[in-house]
Amino acid sequence: MYSVEDCKIIDLPVIHSEQGKISVLQNHETIPFDIKRVYYLYDVPMNSERGGHGHYELEQYVIAASGSFTFILDDGHSKKEVFLNHPNKALHIKPGIWREMKDFSSGSVCLVLASMEYTEEDYMRDYNDFKKYRNA
């Protein structure tokens with residue numbers, strides 16, 4: 001099973017030009033999995049918290065496309081806070097990690113690239129069930 005230390009910040013490639021910058025993400029080149037779903041969070045009120053779940057199999061790349069926010073990662077034994085505020089950095093979240101999000105800046109956009117299509121069966125939504133899974 002993965003630990004919070006296996007969840008790392010990944011530097012994304014940046015192409016510079018006079019017209020601006022671009023970062024390109026491609027399956028199995030800059031991302032170690034096939035992207036099956038893309039979604040983004042926006043207009044999150046500043047004092048709101050999101051997340052509060054884990055996944056059995058899903059991997060994610062999370063990018064602060066705009067603004068900033070903080071992830072709290074938890075493997076049942078250790079916790080780690082990760083602050084995201086650059087669109088050329090991605091947080092790679094491995095399977096079996098509980099995640100919570102907080103400290104959304106005004107206008108922030110959280111872009112998520114996921115390794116699986118949505119399936120409710122992959123979610124762990126109760127922290128006690130998550131702890132049992134991690135300790136099994």
# chains A, B, ... in the order shown; residues from 1 in each chain; ligands from 1
>>> select_by_dssp(residues="chain A", states="helix (DSSP H, G or I)", output="CSV table (one decimal) with C-alpha atoms, in the first residue's frame")
chain,number,residue,atom,x,y,z
A,4,VAL,CA,1.6,9.9,1.9
A,5,GLU,CA,5.4,10.0,1.1
A,6,ASP,CA,4.6,8.3,-2.3
A,120,GLU,CA,-19.0,5.1,-6.6
A,121,GLU,CA,-17.6,1.7,-5.6
A,122,ASP,CA,-14.1,3.1,-5.7
A,127,TYR,CA,-12.9,7.7,7.7
A,128,ASN,CA,-13.4,4.8,10.0
A,129,ASP,CA,-13.9,2.4,7.1
A,130,PHE,CA,-10.8,3.9,5.5
A,131,LYS,CA,-8.8,3.2,8.7
A,132,LYS,CA,-10.0,-0.4,8.7
A,133,TYR,CA,-9.0,-0.8,5.1
A,134,ARG,CA,-5.6,0.6,5.7
A,135,ASN,CA,-5.0,-1.6,8.8
>>> residues_around(residues="stretch 96-110 of chain A", least_positions_apart="4", cutoff="9 Å", atoms="only C-alpha atoms", output="ChimeraX atom specification")
/A:1-4,7,39-58,62-76,85,124,127,130,133-134
>>> write_last_selection(atoms="N, CA and C atoms", output="tab-separated table (two decimals), in the first residue's frame")
chain	number	residue	atom	x	y	z
A	1	MET	N	0.83	-1.19	0.00
A	1	MET	CA	0.00	0.00	0.00
A	1	MET	C	0.87	1.25	0.00
A	2	TYR	N	0.36	2.29	-0.60
A	2	TYR	CA	1.09	3.55	-0.69
A	2	TYR	C	0.99	4.35	0.60
A	3	SER	N	2.00	5.17	0.82
A	3	SER	CA	2.00	6.10	1.96
A	3	SER	C	1.89	7.52	1.43
A	4	VAL	N	1.69	8.47	2.33
A	4	VAL	CA	1.64	9.87	1.91
A	4	VAL	C	2.95	10.31	1.27
A	7	CYS	N	3.11	10.24	-2.50
A	7	CYS	CA	2.36	11.29	-3.21
A	7	CYS	C	3.28	12.50	-3.34
A	39	TYR	N	-11.85	16.62	-14.51
A	39	TYR	CA	-12.85	17.51	-13.92
A	39	TYR	C	-12.14	18.62	-13.18
A	40	TYR	N	-12.88	19.67	-12.84
A	40	TYR	CA	-12.27	20.79	-12.13
A	40	TYR	C	-13.25	21.39	-11.15
A	41	LEU	N	-12.70	21.88	-10.06
A	41	LEU	CA	-13.46	22.56	-9.02
A	41	LEU	C	-13.21	24.05	-9.15
A	42	TYR	N	-14.25	24.85	-9.02
A	42	TYR	CA	-14.10	26.30	-9.09
A	42	TYR	C	-15.23	26.94	-8.31
A	43	ASP	N	-15.12	28.23	-8.07
A	43	ASP	CA	-16.09	28.98	-7.27
A	43	ASP	C	-16.30	28.35	-5.89
A	44	VAL	N	-15.24	27.77	-5.34
A	44	VAL	CA	-15.31	27.20	-3.99
A	44	VAL	C	-15.19	28.35	-3.00
A	45	PRO	N	-16.17	28.52	-2.11
A	45	PRO	CA	-16.08	29.60	-1.12
A	45	PRO	C	-14.79	29.50	-0.31
A	46	MET	N	-14.21	30.63	0.04
A	46	MET	CA	-12.88	30.68	0.65
A	46	MET	C	-12.74	29.86	1.93
A	47	ASN	N	-13.76	29.74	2.75
A	47	ASN	CA	-13.64	28.99	4.00
A	47	ASN	C	-14.17	27.57	3.90
A	48	SER	N	-14.43	27.11	2.69
A	48	SER	CA	-14.97	25.77	2.49
A	48	SER	C	-13.87	24.72	2.51
A	49	GLU	N	-14.28	23.50	2.81
A	49	GLU	CA	-13.40	22.35	2.72
A	49	GLU	C	-14.03	21.35	1.77
A	50	ARG	N	-13.21	20.64	1.01
A	50	ARG	CA	-13.67	19.66	0.04
A	50	ARG	C	-12.95	18.35	0.31
A	51	GLY	N	-13.30	17.36	-0.47
A	51	GLY	CA	-12.65	16.06	-0.33
A	51	GLY	C	-13.31	15.26	0.77
A	52	GLY	N	-12.53	14.79	1.70
A	52	GLY	CA	-13.05	13.96	2.78
A	52	GLY	C	-13.39	12.56	2.28
A	53	HIS	N	-12.47	11.98	1.49
A	53	HIS	CA	-12.67	10.63	0.99
A	53	HIS	C	-11.33	10.05	0.52
A	54	GLY	N	-11.35	8.78	0.23
A	54	GLY	CA	-10.21	8.08	-0.34
A	54	GLY	C	-10.70	7.24	-1.51
A	55	HIS	N	-9.75	6.65	-2.24
A	55	HIS	CA	-10.07	5.78	-3.37
A	55	HIS	C	-9.28	4.48	-3.24
A	56	TYR	N	-9.93	3.39	-3.62
A	56	TYR	CA	-9.26	2.09	-3.61
A	56	TYR	C	-8.23	1.98	-4.74
A	57	GLU	N	-8.59	2.42	-5.96
A	57	GLU	CA	-7.74	2.21	-7.12
A	57	GLU	C	-7.36	3.48	-7.88
A	58	LEU	N	-8.12	4.53	-7.74
A	58	LEU	CA	-7.93	5.74	-8.54
A	58	LEU	C	-6.61	6.44	-8.24
A	62	VAL	N	-3.34	16.40	-9.67
A	62	VAL	CA	-4.12	17.57	-9.29
A	62	VAL	C	-3.26	18.80	-9.55
A	63	ILE	N	-3.85	19.78	-10.24
A	63	ILE	CA	-3.13	20.99	-10.64
A	63	ILE	C	-3.91	22.22	-10.21
A	64	ALA	N	-3.22	23.18	-9.63
A	64	ALA	CA	-3.83	24.49	-9.36
A	64	ALA	C	-3.75	25.28	-10.66
A	65	ALA	N	-4.78	25.13	-11.50
A	65	ALA	CA	-4.80	25.82	-12.79
A	65	ALA	C	-4.83	27.34	-12.59
A	66	SER	N	-5.43	27.74	-11.47
A	66	SER	CA	-5.47	29.16	-11.10
A	66	SER	C	-5.58	29.24	-9.58
A	67	GLY	N	-4.98	30.25	-8.99
A	67	GLY	CA	-5.08	30.43	-7.54
A	67	GLY	C	-4.33	29.37	-6.77
A	68	SER	N	-4.83	29.09	-5.56
A	68	SER	CA	-4.13	28.16	-4.68
A	68	SER	C	-5.11	27.46	-3.74
A	69	PHE	N	-4.64	26.34	-3.18
A	69	PHE	CA	-5.38	25.56	-2.19
A	69	PHE	C	-4.42	24.57	-1.56
A	70	THR	N	-4.86	23.95	-0.48
A	70	THR	CA	-4.03	23.01	0.26
A	70	THR	C	-4.71	21.65	0.31
A	71	PHE	N	-3.92	20.60	0.07
A	71	PHE	CA	-4.37	19.23	0.23
A	71	PHE	C	-3.82	18.69	1.54
A	72	ILE	N	-4.65	17.97	2.29
A	72	ILE	CA	-4.19	17.21	3.44
A	72	ILE	C	-4.30	15.75	3.04
A	73	LEU	N	-3.17	15.07	2.97
A	73	LEU	CA	-3.11	13.66	2.59
A	73	LEU	C	-2.91	12.83	3.84
A	74	ASP	N	-3.54	11.66	3.89
A	74	ASP	CA	-3.54	10.83	5.09
A	74	ASP	C	-3.51	9.37	4.65
A	75	ASP	N	-2.54	8.61	5.16
A	75	ASP	CA	-2.48	7.18	4.83
A	75	ASP	C	-2.92	6.30	6.00
A	76	GLY	N	-3.54	6.91	6.99
A	76	GLY	CA	-3.99	6.16	8.16
A	76	GLY	C	-2.97	6.15	9.28
A	85	ASN	N	-0.01	26.01	-5.89
A	85	ASN	CA	-0.26	27.38	-6.36
A	85	ASN	C	0.43	27.69	-7.68
A	124	MET	N	-14.04	5.59	-0.74
A	124	MET	CA	-14.15	5.35	0.70
A	124	MET	C	-14.57	6.69	1.29
A	127	TYR	N	-14.30	7.80	7.22
A	127	TYR	CA	-12.91	7.72	7.66
A	127	TYR	C	-12.63	6.45	8.46
A	130	PHE	N	-12.11	3.72	6.09
A	130	PHE	CA	-10.80	3.92	5.49
A	130	PHE	C	-9.70	3.37	6.40
A	133	TYR	N	-9.63	-0.36	6.32
A	133	TYR	CA	-9.03	-0.81	5.06
A	133	TYR	C	-7.51	-0.70	5.14
A	134	ARG	N	-6.99	0.40	5.64
A	134	ARG	CA	-5.55	0.61	5.71
A	134	ARG	C	-4.88	-0.34	6.71
>>> closest_residue(among="A:Ser17, A:Asp34, A:Val112, A:Asp126", to="A:Pro87", atoms="only C-alpha atoms")
A:Val112
>>> atom_distance(atom1="atom CA of A:Ile31", atom2="atom CA of A:His77")
27.2 Å
>>> atom_distance(atom1="atom CA of A:Lys8", atom2="atom CA of A:Glu29")
16.8 Å
>>> select_by_dssp(residues="stretch 16-118 of chain A", states="strand (DSSP E or B)", output="MDAnalysis selection string")
chainID A and resid 16:17 20:22 27 31 37:42 50:55 60:66 69:74 79:84 89:93 98:102 109:114
>>> write_last_selection(atoms="N, CA and C atoms", output="compact mmCIF listing (two decimals), in the first residue's frame")
# COMPACT_ATOMS: atom_id res chain seq x y z
N HIS A 16 7.97 27.84 -23.24
CA HIS A 16 7.91 29.31 -23.16
C HIS A 16 7.88 29.90 -24.57
N SER A 17 7.10 30.95 -24.74
CA SER A 17 7.13 31.72 -25.98
C SER A 17 6.76 33.16 -25.64
N GLY A 20 3.24 33.52 -24.30
CA GLY A 20 2.89 32.92 -23.01
C GLY A 20 3.52 31.56 -22.84
N LYS A 21 2.99 30.80 -21.91
CA LYS A 21 3.53 29.48 -21.57
C LYS A 21 2.45 28.43 -21.79
N ILE A 22 2.90 27.20 -22.04
CA ILE A 22 1.98 26.07 -22.17
C ILE A 22 2.63 24.86 -21.51
N ASN A 27 -0.67 10.90 -21.83
CA ASN A 27 -0.71 9.57 -21.22
C ASN A 27 0.63 8.86 -21.39
N ILE A 31 2.41 11.76 -17.76
CA ILE A 31 1.53 11.19 -16.73
C ILE A 31 1.69 9.68 -16.78
N ARG A 37 -10.68 10.48 -17.02
CA ARG A 37 -11.66 11.49 -16.62
C ARG A 37 -10.92 12.77 -16.25
N VAL A 38 -11.50 13.89 -16.62
CA VAL A 38 -10.98 15.21 -16.27
C VAL A 38 -12.12 16.00 -15.66
N TYR A 39 -11.85 16.62 -14.51
CA TYR A 39 -12.85 17.51 -13.92
C TYR A 39 -12.14 18.62 -13.18
N TYR A 40 -12.88 19.67 -12.84
CA TYR A 40 -12.27 20.79 -12.13
C TYR A 40 -13.25 21.39 -11.15
N LEU A 41 -12.70 21.88 -10.06
CA LEU A 41 -13.46 22.56 -9.02
C LEU A 41 -13.21 24.05 -9.15
N TYR A 42 -14.25 24.85 -9.02
CA TYR A 42 -14.10 26.30 -9.09
C TYR A 42 -15.23 26.94 -8.31
N ARG A 50 -13.21 20.64 1.01
CA ARG A 50 -13.67 19.66 0.04
C ARG A 50 -12.95 18.35 0.31
N GLY A 51 -13.30 17.36 -0.47
CA GLY A 51 -12.65 16.06 -0.33
C GLY A 51 -13.31 15.26 0.77
N GLY A 52 -12.53 14.79 1.70
CA GLY A 52 -13.05 13.96 2.78
C GLY A 52 -13.39 12.56 2.28
N HIS A 53 -12.47 11.98 1.49
CA HIS A 53 -12.67 10.63 0.99
C HIS A 53 -11.33 10.05 0.52
N GLY A 54 -11.35 8.78 0.23
CA GLY A 54 -10.21 8.08 -0.34
C GLY A 54 -10.70 7.24 -1.51
N HIS A 55 -9.75 6.65 -2.24
CA HIS A 55 -10.07 5.78 -3.37
C HIS A 55 -9.28 4.48 -3.24
N GLN A 60 -4.59 10.18 -9.28
CA GLN A 60 -4.94 11.51 -9.76
C GLN A 60 -3.69 12.37 -9.89
N TYR A 61 -3.73 13.26 -10.88
CA TYR A 61 -2.83 14.40 -10.95
C TYR A 61 -3.71 15.60 -10.66
N VAL A 62 -3.34 16.40 -9.67
CA VAL A 62 -4.12 17.57 -9.29
C VAL A 62 -3.26 18.80 -9.55
N ILE A 63 -3.85 19.78 -10.24
CA ILE A 63 -3.13 20.99 -10.64
C ILE A 63 -3.91 22.22 -10.21
N ALA A 64 -3.22 23.18 -9.63
CA ALA A 64 -3.83 24.49 -9.36
C ALA A 64 -3.75 25.28 -10.66
N ALA A 65 -4.78 25.13 -11.50
CA ALA A 65 -4.80 25.82 -12.79
C ALA A 65 -4.83 27.34 -12.59
N SER A 66 -5.43 27.74 -11.47
CA SER A 66 -5.47 29.16 -11.10
C SER A 66 -5.58 29.24 -9.58
N PHE A 69 -4.64 26.34 -3.18
CA PHE A 69 -5.38 25.56 -2.19
C PHE A 69 -4.42 24.57 -1.56
N THR A 70 -4.86 23.95 -0.48
CA THR A 70 -4.03 23.01 0.26
C THR A 70 -4.71 21.65 0.31
N PHE A 71 -3.92 20.60 0.07
CA PHE A 71 -4.37 19.23 0.23
C PHE A 71 -3.82 18.69 1.54
N ILE A 72 -4.65 17.97 2.29
CA ILE A 72 -4.19 17.21 3.44
C ILE A 72 -4.30 15.75 3.04
N LEU A 73 -3.17 15.07 2.97
CA LEU A 73 -3.11 13.66 2.59
C LEU A 73 -2.91 12.83 3.84
N ASP A 74 -3.54 11.66 3.89
CA ASP A 74 -3.54 10.83 5.09
C ASP A 74 -3.51 9.37 4.65
N LYS A 79 0.19 12.01 8.12
CA LYS A 79 -0.49 13.05 7.35
C LYS A 79 0.56 13.97 6.74
N LYS A 80 0.17 14.59 5.63
CA LYS A 80 1.07 15.49 4.92
C LYS A 80 0.23 16.58 4.27
N GLU A 81 0.63 17.84 4.44
CA GLU A 81 -0.05 18.96 3.79
C GLU A 81 0.76 19.38 2.57
N VAL A 82 0.04 19.62 1.47
CA VAL A 82 0.67 20.04 0.22
C VAL A 82 -0.06 21.28 -0.28
N PHE A 83 0.69 22.36 -0.44
CA PHE A 83 0.15 23.63 -0.94
C PHE A 83 0.39 23.69 -2.44
N LEU A 84 -0.67 23.89 -3.20
CA LEU A 84 -0.55 23.99 -4.65
C LEU A 84 -0.89 25.41 -5.09
N LYS A 89 2.85 22.62 -11.84
CA LYS A 89 3.16 21.59 -10.83
C LYS A 89 1.89 20.78 -10.60
N ALA A 90 2.07 19.47 -10.50
CA ALA A 90 0.93 18.58 -10.25
C ALA A 90 1.22 17.75 -9.01
N LEU A 91 0.20 17.51 -8.23
CA LEU A 91 0.29 16.60 -7.10
C LEU A 91 -0.20 15.24 -7.57
N HIS A 92 0.66 14.24 -7.51
CA HIS A 92 0.30 12.88 -7.90
C HIS A 92 -0.20 12.16 -6.64
N ILE A 93 -1.50 11.90 -6.60
CA ILE A 93 -2.10 11.20 -5.46
C ILE A 93 -2.29 9.74 -5.84
N TRP A 98 -6.36 9.01 1.85
CA TRP A 98 -7.46 9.90 2.22
C TRP A 98 -7.04 11.32 1.88
N ARG A 99 -7.97 12.12 1.34
CA ARG A 99 -7.62 13.49 1.00
C ARG A 99 -8.70 14.45 1.42
N GLU A 100 -8.25 15.62 1.87
CA GLU A 100 -9.11 16.74 2.20
C GLU A 100 -8.49 17.98 1.57
N MET A 101 -9.32 18.97 1.27
CA MET A 101 -8.83 20.20 0.65
C MET A 101 -9.34 21.40 1.44
N LYS A 102 -8.50 22.42 1.54
CA LYS A 102 -8.87 23.63 2.29
C LYS A 102 -8.11 24.83 1.74
N VAL A 109 -8.91 27.48 -9.31
CA VAL A 109 -9.43 26.39 -10.14
C VAL A 109 -8.55 25.18 -9.89
N CYS A 110 -9.17 24.11 -9.42
CA CYS A 110 -8.47 22.85 -9.14
C CYS A 110 -8.78 21.88 -10.27
N LEU A 111 -7.79 21.59 -11.10
CA LEU A 111 -7.93 20.69 -12.24
C LEU A 111 -7.47 19.29 -11.82
N VAL A 112 -8.31 18.28 -12.09
CA VAL A 112 -7.99 16.91 -11.70
C VAL A 112 -8.01 16.01 -12.93
N LEU A 113 -6.92 15.27 -13.11
CA LEU A 113 -6.80 14.27 -14.16
C LEU A 113 -6.81 12.92 -13.47
N ALA A 114 -7.79 12.08 -13.82
CA ALA A 114 -8.03 10.84 -13.08
C ALA A 114 -7.78 9.61 -13.96
>>> atom_distance(atom1="atom CA of A:Tyr118", atom2="atom CA of A:Asp11")
26.3 Å
